[in-house]
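Remarks on the structure that follows.
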Amino acid sequence: MRNLLLAGVAALTILPSAAMAQSNVEGRVGKLESEMRAVQRKVFPNGAGGYVQPEITAPQTQTQAPGVPASSALSDLTSRVTSLEEQMASLTGQIEQNGYRTRQLQDQFDAYKRATDARLKALESGPAPIASAGQSAPLDTPAPAAGGGKSPAAPSVVTGDTASTAPAGGAAVDKPSTGDPAEDAYLYGYRLWTAKRYAEAETQLKKVVTDYPKSRRASYAQNLLGRTYLDSGKPSLASMAFYENYKKFPDGERAPDSLLYLGQALTKLNKAADACKVYDELSDVYGAKLSASMKSQITAGRSAAKCQ
């Protein structure tokens with residue numbers, strides 16, 4: 001009799017405990033399912049069947065006889081909770097991966113934007129510093145800036161853009177005829193420059209570079225184009241012309257002088273730090289080949305730019 005009474009009391013104790021445990025698990029399931037739907041909406045914002053369905057679904061509820069412990073229901077709910085937690089972990093991992101990829105794309109775009117802005121700014125105010133151009137070849141070497149060069153006695157013996165004085169304005173400029181089209185085109189541009197007819201000289205010298213890019217005179221013409229800009233008060237365009245000569249014709253005969261004049265143009269543009277880099281490049285690349293006159297001009301240029 002006593003044993004039957006204890007068994008009855010135990011049954012009455014187990015039933016409420018099982019019911020309470022089942023209620024707690026169902027609460028966890030409901031919460032997890034709600035959270036997973038929120039995550040799925042974030043991962044699959046467009047829906048369209050993209051939701052991850054639970055791997056374990058609840059079986060049809062069956063009516064159990066009173067007094068039978070709910071152990072099977074608790075086991076099922078526990079399995080559902082485990083499945084939901086695994087899916088939540090998977091979805092969370094996907095979100096983190098997507099976030100990482102998005103940050104990478106943003107970083108790449110920002111880097112591209114900075115590079116593009118720098119190139120546009122360089123086109124507006126002058127060329128990029130030589131040190132960052134990735135080039136080690138020389139620029140075209142014009143005549144000394146202080147007028148140390150001499151004007152040629154005749155067009156046939158002109159060897160560079162080294163004239164120091166120009167004839168009186170308004171004088172006619174004859175076109176040379178040496179039998180070499182590239183030579184004639186350059187010499188005509190040279191004569192226009194010495195006559196201070198800068199607009200015409202610019203057009204003619206550009207034509208030489210375009211029409212005869214493989215001629216030795218292409219380096220001369222590109223360098224003289226920069227000097228034309230510099231002499232006509234356009235240091236920004238001049239710096240770009242000198243830099244283009246350095247980039248396009250690294251082995252051109254006027255390469256070192258274009259670096260020299262590039263430094264002067266950058267100094268006029270208040271870009272002393274960049275000018276110093278140009279002078280460093282000139283000395284590093286051509287130190288053994290530079291004449292005494294060129295070295296003295298480099299020293300003067302570095303002094304004007306207040307290089308350390």
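Residue names in the structure tokens use chain letters A, B, ... in the order shown, residue numbers from 1 in each chain, and ligand numbers from 1 in the order shown.
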- Query: Which residues come within 12 Å of Tyr186 in chain A, counting only C-alpha atoms, excluding same-chain residues fewer than 3 positions away, as a ChimeraX atom specification?
  - Reply: /A:155-156,158-161,175-178,180-183,189-193,201-213,215-225
- Within 9 Å of Ser239 in chain A, counting only C-alpha atoms, which residues show up once you throw out same-chain ones fewer than 3 positions away? Write them as a ChimeraX atom specification, please. /A:125-127,226,229-230,234-236,242-244,258,261-266
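The space between CA of Ala118 in chain A and CA of Tyr246 in chain A spans 19.4 Å.
Interatomic distance, CA of Pro256 in chain A to CA of Lys289 in chain A: 9.4 Å.
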- Mind giving me the straight-line distance from CA of Ile95 in chain A to CA of Val81 in chain A in Å, one decimal?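 Between CA of Ile95 in chain A and CA of Val81 in chain A the gap is 20.9 Å.
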- Query: If you count only C-alpha atoms, which residues fall within 10 Å of range 296-301 of chain A, apart from same-chain ones fewer than 5 positions away, as a PyMOL selection string?
  - Reply: chain A and resi 144-146+259-261+263-264+267+272+275-276+278-280+282-283+290-291+306-307
- Message: Based on the backbone DSSP call, show me all residues of range 206-236 of chain A assigned alpha helix (DSSP H), as a list in words.
- Response: Lys206, Lys207, Val208, Val209, Thr210, Asp211, Arg216, Arg217, Ala218, Ser219, Tyr220, Ala221, Gln222, Asn223, Leu224, Leu225, Gly226, Arg227, Thr228, Tyr229, Leu230, Asp231, Pro235 and Ser236 of chain A
Could you save those same residues with N, CA and C atoms as a compact mmCIF listing (two decimals), in the first residue's frame?
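again_9.txt, freshly written:
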```txt
# COMPACT_ATOMS: atom_id res chain seq x y z
N LYS A 206 54.64 69.64 -81.74
CA LYS A 206 53.74 68.51 -81.49
C LYS A 206 53.63 67.64 -82.73
N LYS A 207 53.60 68.28 -83.89
CA LYS A 207 53.48 67.55 -85.15
C LYS A 207 54.72 66.68 -85.38
N VAL A 208 55.89 67.19 -85.01
CA VAL A 208 57.13 66.41 -85.17
C VAL A 208 57.07 65.14 -84.33
N VAL A 209 56.63 65.28 -83.08
CA VAL A 209 56.57 64.13 -82.18
C VAL A 209 55.56 63.11 -82.69
N THR A 210 54.44 63.60 -83.22
CA THR A 210 53.39 62.69 -83.70
C THR A 210 53.77 62.00 -85.01
N ASP A 211 54.35 62.78 -85.93
CA ASP A 211 54.64 62.24 -87.25
C ASP A 211 55.94 61.42 -87.31
N ARG A 216 65.32 60.60 -84.08
CA ARG A 216 66.05 61.17 -82.94
C ARG A 216 65.54 62.57 -82.63
N ARG A 217 64.94 63.22 -83.62
CA ARG A 217 64.44 64.57 -83.41
C ARG A 217 63.14 64.59 -82.59
N ALA A 218 62.52 63.44 -82.39
CA ALA A 218 61.31 63.41 -81.57
C ALA A 218 61.64 63.83 -80.14
N SER A 219 62.76 63.35 -79.63
CA SER A 219 63.19 63.73 -78.29
C SER A 219 63.50 65.22 -78.22
N TYR A 220 64.16 65.73 -79.24
CA TYR A 220 64.46 67.16 -79.29
C TYR A 220 63.17 67.98 -79.31
N ALA A 221 62.22 67.55 -80.16
CA ALA A 221 60.99 68.32 -80.32
C ALA A 221 60.15 68.32 -79.05
N GLN A 222 60.05 67.16 -78.38
CA GLN A 222 59.27 67.10 -77.14
C GLN A 222 59.90 67.97 -76.06
N ASN A 223 61.21 67.95 -75.99
CA ASN A 223 61.90 68.79 -75.01
C ASN A 223 61.71 70.27 -75.32
N LEU A 224 61.85 70.62 -76.60
CA LEU A 224 61.69 72.02 -76.99
C LEU A 224 60.25 72.49 -76.80
N LEU A 225 59.31 71.57 -76.93
CA LEU A 225 57.91 71.92 -76.64
C LEU A 225 57.76 72.35 -75.19
N GLY A 226 58.42 71.61 -74.29
CA GLY A 226 58.38 72.00 -72.88
C GLY A 226 59.01 73.36 -72.65
N ARG A 227 60.12 73.63 -73.32
CA ARG A 227 60.77 74.93 -73.19
C ARG A 227 59.89 76.04 -73.75
N THR A 228 59.16 75.72 -74.82
CA THR A 228 58.24 76.72 -75.39
C THR A 228 57.17 77.09 -74.38
N TYR A 229 56.59 76.08 -73.73
CA TYR A 229 55.60 76.35 -72.68
C TYR A 229 56.22 77.16 -71.54
N LEU A 230 57.43 76.78 -71.17
CA LEU A 230 58.09 77.45 -70.05
C LEU A 230 58.36 78.91 -70.39
N ASP A 231 58.82 79.17 -71.62
CA ASP A 231 59.13 80.54 -72.03
C ASP A 231 57.89 81.39 -72.20
N PRO A 235 54.18 77.06 -66.92
CA PRO A 235 55.02 76.03 -66.28
C PRO A 235 54.31 74.71 -66.06
N SER A 236 52.98 74.72 -65.87
CA SER A 236 52.26 73.47 -65.67
C SER A 236 52.31 72.60 -66.92
```
